[in-house]
Each structure stands twice: as C-alpha cells, then as structure tokens.
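Structure first, commentary second.
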Amino acid sequence: MTEDKILLTARYVEGDMDEAENADFEMRMQSDTELQEHLKDYKHVHQRLKIQLAPDQQDIAFKETLKHTGAQYFAAPKVVSFKTNLKWLSGVAAVLIIGLLVWAPWRSNLYQTYHIDAQMLVTERGAEKITDLDKAAVLFNDQKYVEAQNLLAKLVQQQPENAMIHYYYGLSLIEINKLVEARSILTPVYGNESVFKYDAAYAIAMSYLKEDQKSDCKIWLQKIPEGTTHYQKAIELLGKLK
Amino acid sequence: MAKAVHLDQRYLIGLVNNDAAVINEIYKKCAGKVKSFIVFNNGTANDAEDIFQESLVDVYNQAKYKDLQLSCPFEPFLLLVCKRKWLNELKKRSISPVTKGEDDLLHIGEDTFEQAERLEEEKEQTTLFLKAFEKLGERCKEIIKWSMQGEAQEKVAEALGVTYGYLRKKKSECMASLIKMVQINQ
C-alpha cells in the first residue's frame, strides 16, 4: 500500500522507528524500488521546504548582499525620501568609521599601517600533490611566519633562481624581525629583473621602517617607480616621513 | 550524459559564497539589460530589481542545494531566467507583453534554455510544496518549521513543550500528509 510506505519513509528519516523496524526498513529498501523512490522524494521535499521555511544564516546574508547591491544598480533617480536619507547617512557613518579604523590617526606606528599585507598565492597547474611550497603559502597566509620562514629557507636552497620564494622568505624574515637577514635576501631580488623587483624594494623600505631608520627607508621608497603596485603607498609614506 | 562545466561556474561559486565582488560584477554586467527589458515591457525599475533579485536567489538555491553545474555562459542564462520570470509575472497580472516569447534572444544555445527551464520547474515545484504546507494544521506547520531550524531536535521538542519522541512521531505524520497532498496535486 502506497499510503503506508510514505509514512514509513517519513518515520525512517525522522528517526521514529525502533531498532528492529529500522533494520527491517533498510533491508526492504535494498530491493523495494518504490521505497527508494519515496526516500528520494522525501529528502527532496524536505530540503526544498527547509530552504523556504528555515533559511540558514548564509542564505540570509546572501539576500542582504543582493538587496544592497540591487539598490545601487536599480535605484530610480526620483524623490529621495527621508528614510533613504537615513539609510545613506548610516552608510556614510559606517564608511567613516571603517575609514577611521583603517587610517587610525591615533596609531602612530607607521609600519603597521604600511607593511605589506600580501597573500602568498601558489598556483601550479595540474599539480595534485601538496608541495612544500603550498604548505609554506598556507603558513605564510596564516601569519605563521616562523614556520613559513623555516620551510621557505629550505626552498630557497633548492630553487636559488626563484624570485617569488626569495621574496616571501624575505617578508617572513621581516615579520619575525630578522631584518638584516631579510635585506640580504631581498636586495638581490631587487637587483634582478623579475615581477618582484619593486615589491622587494618596498619590502626593504619596510624593514628599515621597522627599525625606525627613516633615511634608509626613504632611499628605498624612492626607488619605486610610478605604475607599480606599491607606488601610491610609497608616495604617501614618503610624505609622512618628512 | 555529463556535460563539461562552463568556466562561468565561477559566478555560481561566487553567489554561493556570498562574494560581494562577484555579485557586484553580476549586477554591473546584467542589471542594466534586465532593467531595460522590464521597463520596456510594462514594468518599473522596482519590478526589475525584484525580478533580478529573485532570479539570483533561484540560481543560488539551485547551485547551493542542487549542485547546479553551468554548461552554458552565465550571462545569457541569467538574462533568460529573468525574462521568463517577468513574462510569468505579466501573465499573472494579465498584461500581454510587448516582446513575444523569446524570439528576441539571439545567440542562445540549447543548454541555456534547458538550464533555465529546469530552474523554473524547480521553482514551480517549490511553490507546490509550500501550498501543501500551508494547508496543514497549525500544529503541523509549527512542528515542521521549528524542526527545520537546524537546532538540536531535543531542544526543539523542549521549546514546543513536547517530548522528543512525540516530536519525531508528529513530524513524520505531518510530513507524510504533506507529501500525499503534493502527490494528489501533481
């Protein structure tokens, strides 16, 4: 009887069976295609309903994002109500607060403001094994610089030509305050032609900033040409170091 | 047969992860087109915003819970979903649209139609499930809704003032009658 089987399936999924019933149901299901079908349907209906009746936190957050983004792109330029004004004001206030937090005028530590906040991205096409380089990247991105530095030191030995590894090795060394060592790694990166050339110059500037050697810091900042990643920051910082 | 996943799957991943940059990119790319289509077809900018949002939610649900694999480019797919949604809405409001069907949609592959179709079917099905749910008794609705909140079921039982055993029994019964209703209506 179909009726019976639907309820049976529901009781099975919801855990409303004793052990014997449960075992019996599972046994029957092996060969009973109708039961298998009911089980699939039950899960499907349950899931669909759950999305509608009890959206999870992520779903709610997603809809929020859509609402905010949509407001930007669909807003008709018509009468601005007081309510929208308030919305804008709270938005502006939020931006100001975030701005203040980032700018942090009460924080005099320039290094904290200007240091390189980079993520180490390692992409090797088709590589399936997790290499030491992958591990180093994870450690670096988790800001576990001591461990990252240990691994990178090894990798630098193995791949003396690889500017990227040298660069991140240098950055890790700066983070753990081995500044002289960091500069000895980064200076050759600056000396050679690679995409990390001016990143390295900026990093060296940061290492001097960290020990408050302003004049050396400035010398290295000035090496950074317009159009490179850290140019804006360099100019800004040069202004503050005067 | 499994089809190759399109590179634009990244948009779906972005949606599922609530990635603001990707969502912004989608709006930037498609919002204007949907808006002009809807405004041209007896709608307002507000209608367009709602339709666009609903369509993205449909796509999101499909990607998150049903593992939707995009086998066509994202943009025409989303545009098609939006257009169909709006044409349905017009039907409900009994206004005949200016644009007839989809003959204005150029460069659209079969895959796109197929995927949009599936999305629409799912949506209709969900509406059917919800209708059946609404027909249940108050107690049933309460029990189903609460038990779906993702909390430990023991806690739900406590909150509803029943035993855990009763909650399981009652929920099975309620869900079974809901499914039976759905089957009758199908």
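Numbering starts fresh at 1 for the residues of each chain in the structure tokens, the chains themselves are lettered A, B, ... in the order given, and ligands are numbered from 1 as they appear.
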Quick check: residues of chain B within 6 Å of chain A, only C-alpha atoms, returned as a CSV table (one decimal) with all heavy atoms, in the first residue's frame.
```csv
chain,number,residue,atom,x,y,z
B,18,ASN,N,28.6,34.1,-1.3
B,18,ASN,CA,28.2,35.5,-1.0
B,18,ASN,C,29.4,36.4,-1.2
B,18,ASN,O,29.7,37.3,-0.4
B,18,ASN,CB,27.7,35.5,0.5
B,18,ASN,CG,27.0,36.9,0.8
B,18,ASN,OD1,26.7,37.6,-0.1
B,18,ASN,ND2,26.8,37.1,2.0
B,49,GLU,N,14.2,45.3,-10.2
B,49,GLU,CA,15.1,45.0,-9.1
B,49,GLU,C,14.6,43.7,-8.4
B,49,GLU,O,15.4,42.8,-8.1
B,49,GLU,CB,15.1,46.1,-8.1
B,49,GLU,CG,16.1,45.9,-7.0
B,49,GLU,CD,16.1,47.1,-6.0
B,49,GLU,OE1,15.6,48.2,-6.4
B,49,GLU,OE2,16.7,47.0,-4.9
B,148,MET,N,13.0,22.4,11.4
B,148,MET,CA,13.9,22.7,10.3
B,148,MET,C,14.9,23.7,10.6
B,148,MET,O,15.8,24.0,9.8
B,148,MET,CB,13.1,23.1,9.1
B,148,MET,CG,12.5,21.9,8.4
B,148,MET,SD,11.5,22.4,6.9
B,148,MET,CE,11.2,20.8,6.2
B,149,GLN,N,14.8,24.3,11.8
B,149,GLN,CA,15.7,25.5,12.1
B,149,GLN,C,17.2,25.1,12.3
B,149,GLN,O,18.0,25.9,12.4
B,149,GLN,CB,15.3,26.2,13.4
B,149,GLN,CG,13.9,26.8,13.3
B,149,GLN,CD,13.8,27.9,12.3
B,149,GLN,OE1,14.7,28.6,12.0
B,149,GLN,NE2,12.6,28.1,11.8
B,168,ARG,N,9.2,13.5,17.0
B,168,ARG,CA,9.6,12.7,15.8
B,168,ARG,C,8.3,12.1,15.2
B,168,ARG,O,8.2,12.0,14.0
B,168,ARG,CB,10.6,11.6,16.2
B,168,ARG,CG,12.0,12.1,16.5
B,168,ARG,CD,12.9,11.1,16.9
B,168,ARG,NE,12.4,10.4,18.2
B,168,ARG,CZ,13.2,9.7,18.9
B,168,ARG,NH1,14.4,9.4,18.6
B,168,ARG,NH2,12.7,9.1,20.0
B,169,LYS,N,7.5,11.6,16.1
B,169,LYS,CA,6.3,10.9,15.6
B,169,LYS,C,5.4,11.9,14.8
B,169,LYS,O,4.9,11.6,13.7
B,169,LYS,CB,5.5,10.3,16.8
B,169,LYS,CG,4.2,9.6,16.5
B,169,LYS,CD,3.8,8.8,17.7
B,169,LYS,CE,2.4,8.1,17.5
B,169,LYS,NZ,1.3,9.0,17.4
B,172,SER,N,6.9,13.1,11.5
B,172,SER,CA,6.7,12.1,10.4
B,172,SER,C,5.3,12.1,9.8
B,172,SER,O,5.1,12.1,8.6
B,172,SER,CB,7.0,10.6,10.9
B,172,SER,OG,8.0,10.6,11.9
B,176,ALA,N,4.3,13.3,6.1
B,176,ALA,CA,3.7,12.3,5.3
B,176,ALA,C,2.4,12.8,4.7
B,176,ALA,O,2.2,12.7,3.5
B,176,ALA,CB,3.4,11.0,6.1
```
**Message:** Set the distance at 12 Å and use only C-alpha atoms: which residues neighbour Glu181 of chain A once local chain neighbours fewer than 5 positions away are removed? I'd like the list as a ChimeraX atom specification.
**Reply:** /A:149,153,166,169-176,186-187,204,207
Only N, CA, C and O atoms, please: the residues just picked out, written as a tab-separated table (two decimals), in the first residue's frame.
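Saved result, part.tsv, follows:
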```tsv
chain	number	residue	atom	x	y	z
A	149	GLN	N	58.92	30.65	7.41
A	149	GLN	CA	60.30	31.03	7.14
A	149	GLN	C	61.20	29.79	7.10
A	149	GLN	O	62.08	29.67	6.25
A	153	ALA	N	63.18	28.81	3.80
A	153	ALA	CA	64.64	28.77	3.83
A	153	ALA	C	65.13	27.54	3.05
A	153	ALA	O	66.09	27.60	2.28
A	166	HIS	N	62.15	33.75	-2.80
A	166	HIS	CA	63.03	34.69	-2.09
A	166	HIS	C	62.24	35.83	-1.49
A	166	HIS	O	62.46	36.25	-0.36
A	169	TYR	N	60.22	34.68	1.45
A	169	TYR	CA	61.17	34.36	2.51
A	169	TYR	C	61.58	35.66	3.19
A	169	TYR	O	61.56	35.77	4.42
A	170	GLY	N	61.90	36.66	2.39
A	170	GLY	CA	62.28	37.96	2.92
A	170	GLY	C	61.17	38.57	3.77
A	170	GLY	O	61.41	39.06	4.88
A	171	LEU	N	59.95	38.52	3.25
A	171	LEU	CA	58.82	39.10	4.00
A	171	LEU	C	58.65	38.40	5.35
A	171	LEU	O	58.43	39.04	6.38
A	172	SER	N	58.79	37.07	5.34
A	172	SER	CA	58.65	36.32	6.59
A	172	SER	C	59.72	36.73	7.58
A	172	SER	O	59.46	36.91	8.77
A	173	LEU	N	60.94	36.91	7.07
A	173	LEU	CA	62.04	37.30	7.95
A	173	LEU	C	61.77	38.68	8.57
A	173	LEU	O	62.06	38.91	9.74
A	174	ILE	N	61.21	39.58	7.77
A	174	ILE	CA	60.89	40.90	8.32
A	174	ILE	C	59.88	40.75	9.46
A	174	ILE	O	60.02	41.34	10.52
A	175	GLU	N	58.89	39.91	9.21
A	175	GLU	CA	57.84	39.75	10.22
A	175	GLU	C	58.39	39.22	11.54
A	175	GLU	O	57.89	39.54	12.60
A	176	ILE	N	59.41	38.37	11.44
A	176	ILE	CA	59.96	37.86	12.70
A	176	ILE	C	61.22	38.62	13.13
A	176	ILE	O	62.03	38.15	13.91
A	186	LEU	N	66.48	40.06	0.14
A	186	LEU	CA	65.65	40.87	-0.74
A	186	LEU	C	66.46	41.74	-1.72
A	186	LEU	O	66.00	42.02	-2.82
A	187	THR	N	67.66	42.15	-1.29
A	187	THR	CA	68.43	43.03	-2.15
A	187	THR	C	68.72	42.39	-3.52
A	187	THR	O	68.53	43.04	-4.55
A	204	ILE	N	62.12	46.10	1.50
A	204	ILE	CA	63.35	46.56	2.16
A	204	ILE	C	63.09	47.88	2.90
A	204	ILE	O	63.49	48.06	4.05
A	207	SER	N	61.55	47.13	6.06
A	207	SER	CA	62.46	46.60	7.07
A	207	SER	C	63.18	47.75	7.79
A	207	SER	O	63.39	47.70	8.99
```
Would you give me, as CSV, each residue of segment 105-158 of chain B having an atom within 10 Å of an atom of segment 52-58 of chain B, along with its shortest atom pair and that distance in Å to one decimal, using only C-alpha atoms and sorting by chain and residue number?
```
residue,atom,partner,partner_atom,distance
B:Leu119,CA,B:Asp58,CA,7.1
B:Glu120,CA,B:Asp58,CA,8.6
B:Glu122,CA,B:Asp58,CA,8.9
B:Lys123,CA,B:Asp58,CA,7.4
```
Could you save the residues just selected, with N, CA and C atoms, as a PDB file, in the first residue's frame?
```
ATOM      1  N   LEU B 119      15.372  25.332 -13.889  1.00  0.00           N
ATOM      2  CA  LEU B 119      15.268  26.250 -12.756  1.00  0.00           C
ATOM      3  C   LEU B 119      13.813  26.623 -12.506  1.00  0.00           C
ATOM      4  N   GLU B 120      13.111  26.859 -13.606  1.00  0.00           N
ATOM      5  CA  GLU B 120      11.715  27.252 -13.494  1.00  0.00           C
ATOM      6  C   GLU B 120      10.868  26.112 -12.925  1.00  0.00           C
ATOM      7  N   GLU B 122      11.834  23.726 -10.972  1.00  0.00           N
ATOM      8  CA  GLU B 122      12.126  23.597  -9.546  1.00  0.00           C
ATOM      9  C   GLU B 122      11.338  24.622  -8.746  1.00  0.00           C
ATOM     10  N   LYS B 123      11.311  25.821  -9.310  1.00  0.00           N
ATOM     11  CA  LYS B 123      10.633  26.915  -8.620  1.00  0.00           C
ATOM     12  C   LYS B 123       9.139  26.607  -8.493  1.00  0.00           C
TER      13      LYS B 123
END
```
**Request:** Have a look at B:Val182, B:Val16, B:Cys72, B:Ile144 and name the one nearest to Thr127 of chain B; count only C-alpha atoms.
**Result:**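 With only C-alpha atoms as the atom set, the closest residue is B:Val182.
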Contact residues around Tyr198 of chain A with only C-alpha atoms at 9 Å, ignoring same-chain residues under 5 positions, as a PDB file with N, CA and C atoms, in the first residue's frame:
```
ATOM      1  N   VAL A 189      66.911  40.250  -5.003  1.00  0.00           N
ATOM      2  CA  VAL A 189      65.641  40.196  -5.740  1.00  0.00           C
ATOM      3  C   VAL A 189      65.417  41.538  -6.428  1.00  0.00           C
ATOM      4  N   TYR A 190      65.765  42.617  -5.708  1.00  0.00           N
ATOM      5  CA  TYR A 190      65.634  43.943  -6.315  1.00  0.00           C
ATOM      6  C   TYR A 190      66.628  44.091  -7.472  1.00  0.00           C
ATOM      7  N   ALA A 203      59.615  46.165   0.290  1.00  0.00           N
ATOM      8  CA  ALA A 203      59.815  45.339   1.479  1.00  0.00           C
ATOM      9  C   ALA A 203      61.064  45.783   2.240  1.00  0.00           C
ATOM     10  N   LYS A 223      63.037  54.396  -4.808  1.00  0.00           N
ATOM     11  CA  LYS A 223      63.373  53.533  -5.944  1.00  0.00           C
ATOM     12  C   LYS A 223      62.135  53.003  -6.650  1.00  0.00           C
ATOM     13  N   ILE A 224      60.973  53.185  -6.024  1.00  0.00           N
ATOM     14  CA  ILE A 224      59.771  52.552  -6.568  1.00  0.00           C
ATOM     15  C   ILE A 224      59.115  53.446  -7.619  1.00  0.00           C
ATOM     16  N   PRO A 225      59.089  52.996  -8.862  1.00  0.00           N
ATOM     17  CA  PRO A 225      58.582  53.854  -9.939  1.00  0.00           C
ATOM     18  C   PRO A 225      57.049  53.889 -10.011  1.00  0.00           C
ATOM     19  N   THR A 228      53.786  50.992 -10.390  1.00  0.00           N
ATOM     20  CA  THR A 228      53.971  49.682  -9.762  1.00  0.00           C
ATOM     21  C   THR A 228      53.064  49.579  -8.529  1.00  0.00           C
ATOM     22  N   THR A 229      52.925  48.359  -8.062  1.00  0.00           N
ATOM     23  CA  THR A 229      51.940  48.066  -7.012  1.00  0.00           C
ATOM     24  C   THR A 229      52.005  48.995  -5.802  1.00  0.00           C
ATOM     25  N   HIS A 230      53.214  49.219  -5.319  1.00  0.00           N
ATOM     26  CA  HIS A 230      53.314  49.911  -4.043  1.00  0.00           C
ATOM     27  C   HIS A 230      53.575  51.404  -4.184  1.00  0.00           C
TER      28      HIS A 230
END
```
**Asked** Smallest atom-to-atom distance to Ile26 of chain B: which of B:Leu7, B:Leu12, B:Leu90, B:Ile184, using only C-alpha atoms?
**Response** B:Leu12
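Our summary of the geometry notes that atom CA of Pro73 of chain B is positioned 29.4 Å from atom CA of Lys92 of chain B.
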**Close residues, segment 115-124 of chain A itself excluded, 12 Å, only C-alpha atoms, min 4 positions apart in chain, as a PyMOL selection string** = chain A and resi 109-111+128-143+145+148+152+164-172+174-175+199-210+229-230+233-234+237
**Asked** Can you list, as a PyMOL selection string, every protein, DNA or RNA residue that comes within 12 Å of Glu114 of chain B when you count only C-alpha atoms, leaving out same-chain residues fewer than 4 positions away?
**Response** chain B and resi 70-72+77+80-81+108-110+118-121
File of the preceding selection, C-alpha atoms, as a short mmCIF file (atom, residue, chain, number, x, y, z; two decimals), in the first residue's frame:
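The resulting result03.cif:
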```cif
data_model
loop_
_atom_site.label_atom_id
_atom_site.label_comp_id
_atom_site.auth_asym_id
_atom_site.auth_seq_id
_atom_site.Cartn_x
_atom_site.Cartn_y
_atom_site.Cartn_z
CA LEU B 70 26.55 25.51 -15.56
CA SER B 71 27.06 24.11 -19.03
CA CYS B 72 26.48 27.44 -20.76
CA PHE B 77 21.41 32.13 -18.72
CA LEU B 80 16.78 34.24 -19.80
CA VAL B 81 15.78 33.33 -16.25
CA ILE B 108 21.37 31.46 -27.08
CA GLY B 109 22.31 27.82 -27.07
CA GLU B 110 20.06 24.91 -26.24
CA ARG B 118 14.96 23.30 -15.08
CA LEU B 119 15.27 26.25 -12.76
CA GLU B 120 11.71 27.25 -13.49
CA GLU B 121 10.41 23.75 -12.90
#
```
**Request:** Work out how far apart atom CA of Gln213 of chain A and atom CA of Lys197 of chain A are and give it in Å to one decimal.
**Result:**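 Rounded to one decimal, the two atoms are 21.5 Å apart.
Across the structure, atom CA of Asn61 of chain B and atom CA of Asn46 of chain B are spaced 22.5 Å apart.
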